[in-house]
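**Student:** So here's protein_1.txt, just compact mmCIF, C-alpha atoms (C1' of nucleotides):
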# COMPACT_ATOMS: atom_id res chain seq x y z
CA MET A 1 0.00 0.00 0.00
CA VAL A 2 1.16 3.51 -0.78
CA PRO A 3 1.83 5.42 2.44
CA THR A 4 -0.12 8.64 2.31
CA ALA A 5 1.47 11.86 3.54
CA GLN A 6 0.40 12.92 6.99
CA MET A 7 -1.78 15.99 6.90
CA THR A 8 -0.51 18.93 8.95
CA SER A 9 -2.52 20.26 11.82
CA GLU A 10 -3.13 23.42 9.80
CA ALA A 11 -4.40 21.51 6.77
CA LEU A 12 -6.75 19.56 9.02
CA SER A 13 -8.00 22.80 10.60
CA GLN A 14 -8.55 24.25 7.15
CA LYS A 15 -10.51 21.22 5.96
CA LEU A 16 -12.68 21.38 9.05
CA ALA A 17 -13.15 25.13 8.66
CA ASP A 18 -14.27 24.60 5.07
CA SER A 19 -17.26 22.76 6.50
CA GLY A 20 -17.81 25.32 9.25
CA LEU A 21 -16.19 23.15 11.92
CA ARG A 22 -13.40 23.86 14.38
CA ASN A 23 -10.33 21.86 15.03
CA THR A 24 -9.94 20.33 18.48
CA PRO A 25 -7.33 18.12 20.14
CA GLN A 26 -9.85 15.25 20.05
CA ARG A 27 -10.45 15.56 16.31
CA GLU A 28 -6.73 15.82 15.65
CA ILE A 29 -5.86 12.71 17.65
CA ILE A 30 -8.68 10.71 16.13
CA TYR A 31 -7.66 11.69 12.63
CA SER A 32 -4.05 10.78 13.34
CA ILE A 33 -5.15 7.41 14.71
CA LEU A 34 -7.06 6.70 11.51
CA THR A 35 -4.13 7.58 9.28
CA LYS A 36 -1.59 5.79 11.49
CA LYS A 37 -3.16 2.35 11.20
CA ARG A 38 -5.44 2.06 8.21
CA ASP A 39 -7.22 -1.09 9.27
CA HIS A 40 -10.76 0.29 9.10
CA PRO A 41 -11.40 0.42 12.84
CA THR A 42 -14.87 0.71 14.33
CA ALA A 43 -15.80 3.62 16.61
CA ASP A 44 -15.19 1.32 19.58
CA GLU A 45 -11.73 0.41 18.31
CA VAL A 46 -10.91 4.06 17.72
CA PHE A 47 -12.15 4.78 21.26
CA ALA A 48 -9.82 2.15 22.69
CA ARG A 49 -6.82 3.53 20.75
CA VAL A 50 -7.45 7.18 21.54
CA LYS A 51 -7.92 6.47 25.24
CA ALA A 52 -4.28 5.45 25.38
CA GLU A 53 -3.31 9.01 24.47
CA MET A 54 -6.27 10.87 25.95
CA PRO A 55 -7.78 8.81 28.76
CA THR A 56 -10.61 11.22 29.53
CA ILE A 57 -12.21 11.15 26.09
CA SER A 58 -15.73 9.78 25.84
CA LEU A 59 -17.21 7.39 23.30
CA ALA A 60 -19.77 10.03 22.35
CA THR A 61 -16.93 12.37 21.44
CA VAL A 62 -15.33 9.68 19.32
CA TYR A 63 -18.59 9.34 17.41
CA ASN A 64 -18.91 13.12 17.14
CA CYS A 65 -15.34 13.58 15.94
CA LEU A 66 -15.60 10.77 13.41
CA GLU A 67 -18.79 12.37 12.12
CA ALA A 68 -17.01 15.73 11.86
CA LEU A 69 -14.19 14.14 9.85
CA VAL A 70 -16.75 12.47 7.59
CA GLN A 71 -18.55 15.81 7.17
CA CYS A 72 -15.42 17.56 5.96
CA ASN A 73 -14.50 14.70 3.62
CA LEU A 74 -11.35 13.59 5.37
CA VAL A 75 -12.71 10.18 6.27
CA ARG A 76 -15.15 7.77 4.72
CA GLN A 77 -17.56 5.43 6.45
CA VAL A 78 -17.45 1.81 5.38
CA ASN A 79 -20.31 -0.53 6.13
CA PHE A 80 -20.47 -4.24 5.70
CA GLU A 81 -23.63 -6.23 6.31
CA ARG A 82 -24.95 -4.34 9.30
CA GLY A 83 -21.70 -4.72 11.19
CA PRO A 84 -20.52 -1.64 13.07
CA THR A 85 -19.49 1.27 10.85
CA ARG A 86 -15.79 1.34 10.04
CA TYR A 87 -13.71 4.40 9.24
CA CYS A 88 -11.33 4.82 6.35
CA PRO A 89 -9.06 7.81 5.65
CA ASN A 90 -8.38 6.63 2.07
CA LEU A 91 -10.11 9.20 -0.12
CA HIS A 92 -9.12 7.78 -3.48
CA PRO A 93 -12.01 5.94 -5.10
CA HIS A 94 -11.54 2.34 -4.16
CA ALA A 95 -13.37 -0.86 -3.36
CA HIS A 96 -13.23 -2.97 -0.22
CA PHE A 97 -12.39 -6.59 0.31
CA HIS A 98 -13.78 -8.33 3.36
CA ASP A 99 -11.90 -11.38 4.54
CA GLU A 100 -14.54 -13.78 5.85
CA THR A 101 -12.11 -15.75 7.97
CA THR A 102 -10.34 -12.90 9.75
CA GLY A 103 -12.98 -10.17 9.46
CA SER A 104 -10.33 -7.81 8.13
CA THR A 105 -11.10 -5.19 5.53
CA TYR A 106 -8.68 -4.27 2.76
CA ASP A 107 -8.71 -1.38 0.33
CA ILE A 108 -8.74 -2.43 -3.30
CA ASP A 109 -7.57 0.03 -5.92
CA LEU A 110 -9.72 0.06 -9.00
CA PRO A 111 -8.63 0.69 -12.57
CA PRO A 112 -9.28 4.36 -13.42
CA GLY A 113 -12.63 4.90 -15.09
CA LEU A 114 -14.12 1.65 -13.85
CA LEU A 115 -16.65 3.33 -11.59
CA GLU A 116 -17.68 5.68 -14.41
CA GLN A 117 -17.96 2.71 -16.72
CA LEU A 118 -20.26 0.99 -14.24
CA LYS A 119 -22.40 4.10 -13.81
CA SER A 120 -22.74 4.44 -17.56
CA GLN A 121 -24.31 0.99 -17.72
CA LEU A 122 -27.28 1.99 -15.60
CA PRO A 123 -30.68 2.06 -17.32
CA VAL A 124 -31.89 5.40 -18.65
CA GLY A 125 -33.12 7.66 -15.86
CA TYR A 126 -30.78 6.32 -13.19
CA GLN A 127 -28.25 8.96 -12.21
CA ALA A 128 -25.66 7.57 -9.78
CA SER A 129 -23.53 9.93 -7.73
CA ASP A 130 -21.66 7.10 -6.11
CA VAL A 131 -20.87 3.42 -6.57
CA GLU A 132 -19.82 1.09 -3.83
CA ILE A 133 -18.08 -2.19 -4.54
CA THR A 134 -17.46 -4.76 -1.85
CA PHE A 135 -15.75 -8.09 -2.36
CA ARG A 136 -16.21 -10.88 0.09
CA GLY A 137 -13.94 -13.88 0.31
CA HIS A 138 -10.58 -15.03 1.52
CA ALA A 139 -7.27 -13.20 1.32
CA ALA A 140 -4.16 -15.37 1.19
CA SER A 141 -1.54 -12.82 2.24
CA MET B 1 -38.99 -5.68 -14.65
CA VAL B 2 -39.36 -9.34 -15.61
CA PRO B 3 -42.07 -10.98 -13.50
CA THR B 4 -40.68 -14.14 -12.00
CA ALA B 5 -42.77 -17.28 -11.80
CA GLN B 6 -44.35 -17.93 -8.43
CA MET B 7 -42.86 -20.93 -6.70
CA THR B 8 -45.29 -23.67 -5.73
CA SER B 9 -45.80 -24.62 -2.11
CA GLU B 10 -44.12 -27.96 -2.83
CA ALA B 11 -41.08 -26.36 -4.41
CA LEU B 12 -40.77 -24.06 -1.40
CA SER B 13 -41.03 -27.04 0.97
CA GLN B 14 -38.36 -28.84 -1.03
CA LYS B 15 -36.00 -25.88 -0.93
CA LEU B 16 -36.46 -25.60 2.82
CA ALA B 17 -36.01 -29.36 3.26
CA ASP B 18 -32.75 -29.16 1.31
CA SER B 19 -31.43 -27.06 4.19
CA GLY B 20 -32.98 -29.28 6.85
CA LEU B 21 -35.87 -26.90 7.49
CA ARG B 22 -39.63 -27.49 7.50
CA ASN B 23 -42.23 -25.54 5.69
CA THR B 24 -44.77 -23.65 7.79
CA PRO B 25 -47.72 -21.37 7.01
CA GLN B 26 -45.69 -18.43 8.31
CA ARG B 27 -42.75 -19.13 6.02
CA GLU B 28 -45.04 -19.62 3.05
CA ILE B 29 -46.93 -16.35 3.58
CA ILE B 30 -43.72 -14.40 4.11
CA TYR B 31 -42.17 -15.80 0.98
CA SER B 32 -45.29 -14.97 -1.03
CA ILE B 33 -45.25 -11.43 0.33
CA LEU B 34 -41.66 -11.00 -0.81
CA THR B 35 -42.38 -12.26 -4.32
CA LYS B 36 -45.65 -10.34 -4.62
CA LYS B 37 -44.16 -6.89 -4.15
CA ARG B 38 -40.45 -6.82 -4.85
CA ASP B 39 -39.71 -3.50 -3.24
CA HIS B 40 -37.02 -4.73 -0.82
CA PRO B 41 -39.07 -4.41 2.37
CA THR B 42 -37.54 -4.38 5.83
CA ALA B 43 -38.50 -6.97 8.45
CA ASP B 44 -40.86 -4.39 9.95
CA GLU B 45 -42.52 -3.80 6.60
CA VAL B 46 -42.88 -7.53 6.02
CA PHE B 47 -44.35 -7.79 9.52
CA ALA B 48 -46.96 -5.12 8.70
CA ARG B 49 -47.91 -6.86 5.45
CA VAL B 50 -48.11 -10.36 6.85
CA LYS B 51 -50.22 -9.20 9.81
CA ALA B 52 -52.99 -8.35 7.34
CA GLU B 53 -53.22 -12.03 6.43
CA MET B 54 -52.12 -13.57 9.74
CA PRO B 55 -52.80 -11.14 12.57
CA THR B 56 -51.32 -13.32 15.31
CA ILE B 57 -47.82 -13.57 13.85
CA SER B 58 -44.99 -12.05 15.87
CA LEU B 59 -42.09 -9.90 14.73
CA ALA B 60 -39.66 -12.51 16.06
CA THR B 61 -41.25 -15.08 13.76
CA VAL B 62 -40.91 -12.73 10.81
CA TYR B 63 -37.19 -12.45 11.57
CA ASN B 64 -36.94 -16.22 12.02
CA CYS B 65 -38.78 -16.97 8.79
CA LEU B 66 -36.78 -14.46 6.79
CA GLU B 67 -33.63 -16.04 8.17
CA ALA B 68 -34.91 -19.49 7.16
CA LEU B 69 -35.58 -18.25 3.61
CA VAL B 70 -32.11 -16.74 3.48
CA GLN B 71 -30.63 -20.02 4.75
CA CYS B 72 -32.19 -22.04 1.97
CA ASN B 73 -31.19 -19.49 -0.68
CA LEU B 74 -34.63 -18.32 -1.65
CA VAL B 75 -34.10 -14.79 -0.46
CA ARG B 76 -31.14 -12.45 -0.22
CA GLN B 77 -30.44 -9.83 2.40
CA VAL B 78 -29.66 -6.36 1.15
CA ASN B 79 -27.96 -3.82 3.37
CA PHE B 80 -27.38 -0.19 2.77
CA GLU B 81 -25.38 2.00 5.12
CA ARG B 82 -26.52 0.50 8.41
CA GLY B 83 -30.17 0.96 7.56
CA PRO B 84 -32.43 -1.94 8.46
CA THR B 85 -31.80 -5.11 6.46
CA ARG B 86 -34.00 -5.46 3.38
CA TYR B 87 -35.11 -8.67 1.74
CA CYS B 88 -34.95 -9.48 -1.93
CA PRO B 89 -36.27 -12.63 -3.66
CA ASN B 90 -34.31 -11.88 -6.85
CA LEU B 91 -31.66 -14.59 -7.00
CA HIS B 92 -30.07 -13.60 -10.28
CA PRO B 93 -26.77 -11.82 -9.73
CA HIS B 94 -27.61 -8.15 -9.76
CA ALA B 95 -26.67 -4.81 -8.29
CA HIS B 96 -28.80 -2.37 -6.32
CA PHE B 97 -29.62 1.24 -6.89
CA HIS B 98 -30.57 3.36 -3.90
CA ASP B 99 -32.62 6.42 -4.65
CA GLU B 100 -31.46 9.06 -2.16
CA THR B 101 -34.60 11.16 -2.48
CA THR B 102 -37.22 8.43 -2.04
CA GLY B 103 -35.20 5.81 -0.20
CA SER B 104 -36.37 3.20 -2.70
CA THR B 105 -34.15 0.35 -3.80
CA TYR B 106 -34.11 -0.96 -7.34
CA ASP B 107 -32.57 -4.09 -8.79
CA ILE B 108 -30.04 -3.43 -11.54
CA ASP B 109 -29.24 -6.21 -13.97
CA LEU B 110 -25.57 -6.48 -14.77
CA PRO B 111 -23.98 -7.52 -18.06
CA PRO B 112 -23.08 -11.21 -17.86
CA GLY B 113 -19.52 -11.76 -16.75
CA LEU B 114 -19.11 -8.35 -15.19
CA LEU B 115 -18.85 -9.71 -11.67
CA GLU B 116 -16.29 -12.29 -12.77
CA GLN B 117 -14.39 -9.56 -14.58
CA LEU B 118 -14.31 -7.51 -11.40
CA LYS B 119 -13.15 -10.45 -9.32
CA SER B 120 -10.37 -11.16 -11.78
CA GLN B 121 -8.97 -7.69 -11.21
CA LEU B 122 -8.26 -8.35 -7.56
CA PRO B 123 -4.60 -8.46 -6.51
CA VAL B 124 -2.95 -11.87 -6.32
CA GLY B 125 -4.03 -13.78 -3.23
CA TYR B 126 -7.49 -12.25 -2.97
CA GLN B 127 -10.13 -14.88 -3.68
CA ALA B 128 -13.62 -13.34 -3.80
CA SER B 129 -16.66 -15.56 -3.48
CA ASP B 130 -19.03 -12.66 -3.85
CA VAL B 131 -19.13 -9.08 -5.12
CA GLU B 132 -21.66 -6.52 -4.06
CA ILE B 133 -22.32 -3.41 -6.11
CA THR B 134 -24.49 -0.59 -4.85
CA PHE B 135 -25.26 2.59 -6.73
CA ARG B 136 -26.47 5.65 -4.91
CA GLY B 137 -28.18 8.54 -6.61
CA HIS B 138 -31.42 9.68 -8.11
CA ALA B 139 -33.80 7.70 -10.31
CA ALA B 140 -35.90 9.72 -12.74
CA SER B 141 -38.65 7.17 -13.42
C1' DG C 1 -13.20 40.43 29.05
C1' DT C 2 -18.14 39.38 27.71
C1' DG C 3 -21.57 37.21 25.24
C1' DA C 4 -22.46 33.94 21.52
C1' DT C 5 -21.37 29.79 19.39
C1' DA C 6 -19.48 25.27 19.18
C1' DA C 7 -17.53 21.03 21.30
C1' DT C 8 -17.20 17.62 24.90
C1' DT C 9 -19.05 14.71 28.26
C1' DA C 10 -21.94 11.24 30.93
C1' DG C 11 -25.71 9.05 30.82
C1' DA C 12 -30.34 8.15 28.96
C1' DA C 13 -32.81 6.86 24.84
C1' DT C 14 -33.47 4.56 20.47
C1' DA C 15 -33.65 1.14 16.72
C1' DA C 16 -32.80 -3.17 14.78
C1' DT C 17 -31.97 -7.47 15.91
C1' DT C 18 -31.09 -11.59 18.73
C1' DC C 19 -31.78 -14.36 22.73
C1' DT C 20 -34.51 -16.95 26.20
C1' DA C 21 -37.81 -19.74 27.89
C1' DA C 22 -42.36 -21.48 27.35
C1' DC C 23 -45.57 -23.38 24.48
C1' DA C 24 -47.33 -25.66 20.14
C1' DA C 25 -46.93 -28.47 16.10
C1' DA C 26 -44.91 -32.05 13.48
C1' DA C 27 -41.96 -36.08 12.80
C1' DT C 28 -40.25 -40.34 14.53
C1' DA C 29 -40.00 -44.44 17.61
C1' DG C 30 -41.95 -47.83 19.97
C1' DC D 1 -51.84 -44.64 17.42
C1' DT D 2 -49.63 -42.82 21.62
C1' DA D 3 -45.09 -41.17 23.60
C1' DT D 4 -40.96 -38.89 22.72
C1' DT D 5 -38.00 -35.92 20.35
C1' DT D 6 -37.28 -32.28 17.35
C1' DT D 7 -38.45 -28.10 15.28
C1' DG D 8 -41.04 -23.80 15.04
C1' DT D 9 -43.53 -19.92 17.12
C1' DT D 10 -44.25 -16.50 20.44
C1' DA D 11 -43.77 -12.66 23.98
C1' DG D 12 -40.80 -10.30 26.18
C1' DA D 13 -36.10 -9.39 27.79
C1' DA D 14 -31.42 -8.49 26.31
C1' DT D 15 -27.94 -6.74 23.24
C1' DT D 16 -25.40 -3.72 20.16
C1' DA D 17 -24.39 0.28 17.75
C1' DT D 18 -25.61 4.63 17.64
C1' DT D 19 -27.92 9.05 18.69
C1' DC D 20 -29.95 12.31 21.79
C1' DT D 21 -30.12 15.38 25.91
C1' DA D 22 -28.68 18.47 29.05
C1' DA D 23 -24.88 20.24 31.50
C1' DT D 24 -20.31 21.79 31.29
C1' DT D 25 -16.26 23.56 29.00
C1' DA D 26 -13.68 25.75 25.36
C1' DT D 27 -13.17 28.95 21.63
C1' DC D 28 -14.37 32.91 18.76
C1' DA D 29 -15.89 37.69 17.57
C1' DC D 30 -16.21 41.76 19.23
Take the structure from the file and write it as C-alpha cells.
**Tutor:**
Amino acid sequence: MVPTAQMTSEALSQKLADSGLRNTPQREIIYSILTKKRDHPTADEVFARVKAEMPTISLATVYNCLEALVQCNLVRQVNFERGPTRYCPNLHPHAHFHDETTGSTYDIDLPPGLLEQLKSQLPVGYQASDVEITFRGHAAS
Amino acid sequence: MVPTAQMTSEALSQKLADSGLRNTPQREIIYSILTKKRDHPTADEVFARVKAEMPTISLATVYNCLEALVQCNLVRQVNFERGPTRYCPNLHPHAHFHDETTGSTYDIDLPPGLLEQLKSQLPVGYQASDVEITFRGHAAS
DNA sequence: GTGATAATTAGAATAATTCTAACAAAATAG
DNA sequence: CTATTTTGTTAGAATTATTCTAATTATCAC
C-alpha cells in the first residue's frame, strides 16, 4: 500500500473550517489514529486507541469527531452487512475486500474509469452519484 | 422488470427441506409477500404486510422466517449503510440502486460476466466468493 | 473580558436485531 | 396410534451500535 502523507494540523483545521467546523485536540488525535493504522477500525476500536493518548475522552466524542471528519470529507464510512461502521481515511475511489475468515477489511484500488464505466451501464433515468463495490472472500496474504 | 414465476408450495417445501428446514404457514406467507411486491421491504414492513393475512404472527417469527428463507437461498439480504436489512427474492446476480430522495431500492441487472471480470482484477491472493455493487443517486422514473 | 457559538461529556434513549424460555406443532420411535 | 423428540412460534427481555439530551467547558468575535 502507498503510504499517504500525513496531513498537517493546519491543513486539518482548514478542511474542518471549510465545513464550518473547528479543530480540536480530540479531532486531531482521532484523525491521526485513523491515518496511522489504516485497518478500518470501528468507533469502539478508535475509542480504545485514543484512550491510550487521551484517557478522559468519551465514546460520544469519538462518534462526534468521526462524524465531523466524515462531514469535511477527510474520512469515509465503510459498512459491511450491518456490522458496526468502520472508518477509512483513504479518499481515493476504491473498493473494499472483506476477509470472511479474519474479518479484516482491505482497500482495493480500481482501474481508473471503472466506476464511471459501471455508472454508464445503468438504465436510462438512473443517475448515480456514487458506486460502492465490496468483495467478500478469503485473502491469502 | 421481468415478472418471476411464483414458486409452488411444494417447491418451497423442497427448498427448505434441502437445508434441513420445514415448511410452515408463516414461512409460506412471508415468501409470497416478498415475491408479490419486490420493493425490498424491511423486516418491519414484512411484519406489517403479513399481519394483514395472519394477525397473530410475531415480529420474532418474521425475523426467524426471513432467516430461514435466506438459509435455503430463496431470499437475499440487502444492506445499505446501516439501515435496516432489506429482503430481496431476486436470485439472479444483480446490483442495487438506492434512490437518495425516495429511499427506494431498485434491482439493476448487470452484463453477464461483469462480476467475474471484477473479481479477476483483484490483486494476487485475494479470492472473492461474492461481489456486491451498490449505486447511490437519483432515479428519474 | 463578555456574550455567543461550538464542542465535549456522561448518561439516557433509540432502533434493529437476537436471545430466552415457554408453548405448540410435526416427525419419529416404539 | 400414543409417547418422545425435534423443530417452530411466540412474547418479552437483552444486546449492540448509535444518537440524543442536558450540562459543562472551550473557543471565537467583538
**Student:** Identify every residue of chain C that has at least one atom within 10 Å of any atom of chain B, counting all atoms listed in the file, and report the result as a ChimeraX atom specification.
**Tutor:** /C:15-18,25-26
**Student:** Show me which bits of chain A are within 9 Å of chain B, counting only C-alpha atoms, as a ChimeraX atom specification.
**Tutor:** /A:77-85,97-99,108-111,119,121-141
**Student:** Please identify every residue of chain D that has at least one atom no more than 8 Å from any atom of chain B, counting all atoms listed in the file, and report them as number ranges by chain.
**Tutor:** D: 7, 9-10
**Student:** Can you tell me, as a list in words, which residues sit within 9 Å of (-16.7, 21.7, 22.1) in the file's frame, using only C-alpha atoms (C1' of nucleotides)?
**Tutor:**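 With a cut-off of 9 Å, the residues come to Arg22 and Thr24 of chain A; DA6, DA7 and DT8 of chain C; DT25, DA26 and DT27 of chain D.
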**Student:** Between atom CA of B:Lys15 and atom CA of B:Ala68, what distance in Å does the model show, to one decimal?
**Tutor:**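 It comes out at 10.4 Å.
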**Student:** Complete stretch 79-96 of chain A with N, CA, C and O atoms (output as a compact mmCIF listing (two decimals), in the coordinates of the input).
**Tutor:**
# COMPACT_ATOMS: atom_id res chain seq x y z
N ASN A 79 -19.37 0.39 5.47
CA ASN A 79 -20.31 -0.53 6.13
C ASN A 79 -20.29 -1.86 5.44
O ASN A 79 -20.15 -1.94 4.23
N PHE A 80 -20.42 -2.89 6.24
CA PHE A 80 -20.47 -4.24 5.70
C PHE A 80 -21.50 -5.05 6.45
O PHE A 80 -21.33 -5.30 7.65
N GLU A 81 -22.59 -5.33 5.77
CA GLU A 81 -23.63 -6.23 6.31
C GLU A 81 -24.08 -5.93 7.73
O GLU A 81 -24.12 -6.78 8.59
N ARG A 82 -24.43 -4.75 8.00
CA ARG A 82 -24.95 -4.34 9.30
C ARG A 82 -23.96 -4.52 10.45
O ARG A 82 -24.35 -4.45 11.63
N GLY A 83 -22.71 -4.76 10.14
CA GLY A 83 -21.70 -4.72 11.19
C GLY A 83 -21.50 -3.26 11.58
O GLY A 83 -22.00 -2.36 10.91
N PRO A 84 -20.77 -3.03 12.66
CA PRO A 84 -20.52 -1.64 13.07
C PRO A 84 -19.81 -0.86 11.95
O PRO A 84 -19.01 -1.43 11.21
N THR A 85 -20.11 0.41 11.86
CA THR A 85 -19.49 1.27 10.85
C THR A 85 -17.99 1.34 11.07
O THR A 85 -17.52 1.46 12.21
N ARG A 86 -17.25 1.24 9.99
CA ARG A 86 -15.79 1.34 10.04
C ARG A 86 -15.36 2.62 9.36
O ARG A 86 -16.09 3.16 8.55
N TYR A 87 -14.16 3.10 9.72
CA TYR A 87 -13.71 4.40 9.24
C TYR A 87 -12.41 4.29 8.48
O TYR A 87 -11.49 3.59 8.90
N CYS A 88 -12.36 5.00 7.37
CA CYS A 88 -11.33 4.82 6.35
C CYS A 88 -10.85 6.18 5.87
O CYS A 88 -11.64 6.96 5.36
N PRO A 89 -9.56 6.50 6.07
CA PRO A 89 -9.06 7.81 5.65
C PRO A 89 -8.57 7.80 4.20
O PRO A 89 -7.98 8.77 3.75
N ASN A 90 -8.78 6.71 3.47
CA ASN A 90 -8.38 6.63 2.07
C ASN A 90 -9.46 7.28 1.21
O ASN A 90 -10.57 6.77 1.11
N LEU A 91 -9.11 8.43 0.63
CA LEU A 91 -10.11 9.20 -0.12
C LEU A 91 -10.12 8.88 -1.60
O LEU A 91 -11.02 9.28 -2.32
N HIS A 92 -9.09 8.17 -2.07
CA HIS A 92 -9.12 7.78 -3.48
C HIS A 92 -10.27 6.82 -3.70
O HIS A 92 -10.56 6.00 -2.83
N PRO A 93 -10.92 6.90 -4.85
CA PRO A 93 -12.01 5.94 -5.10
C PRO A 93 -11.43 4.53 -5.05
O PRO A 93 -10.43 4.25 -5.69
N HIS A 94 -12.03 3.70 -4.29
CA HIS A 94 -11.54 2.34 -4.16
C HIS A 94 -12.64 1.41 -3.68
O HIS A 94 -13.68 1.87 -3.19
N ALA A 95 -12.41 0.14 -3.83
CA ALA A 95 -13.37 -0.86 -3.36
C ALA A 95 -12.86 -1.46 -2.05
O ALA A 95 -11.76 -1.12 -1.60
N HIS A 96 -13.66 -2.31 -1.45
CA HIS A 96 -13.23 -2.97 -0.22
C HIS A 96 -13.33 -4.48 -0.36
O HIS A 96 -14.21 -4.99 -1.03
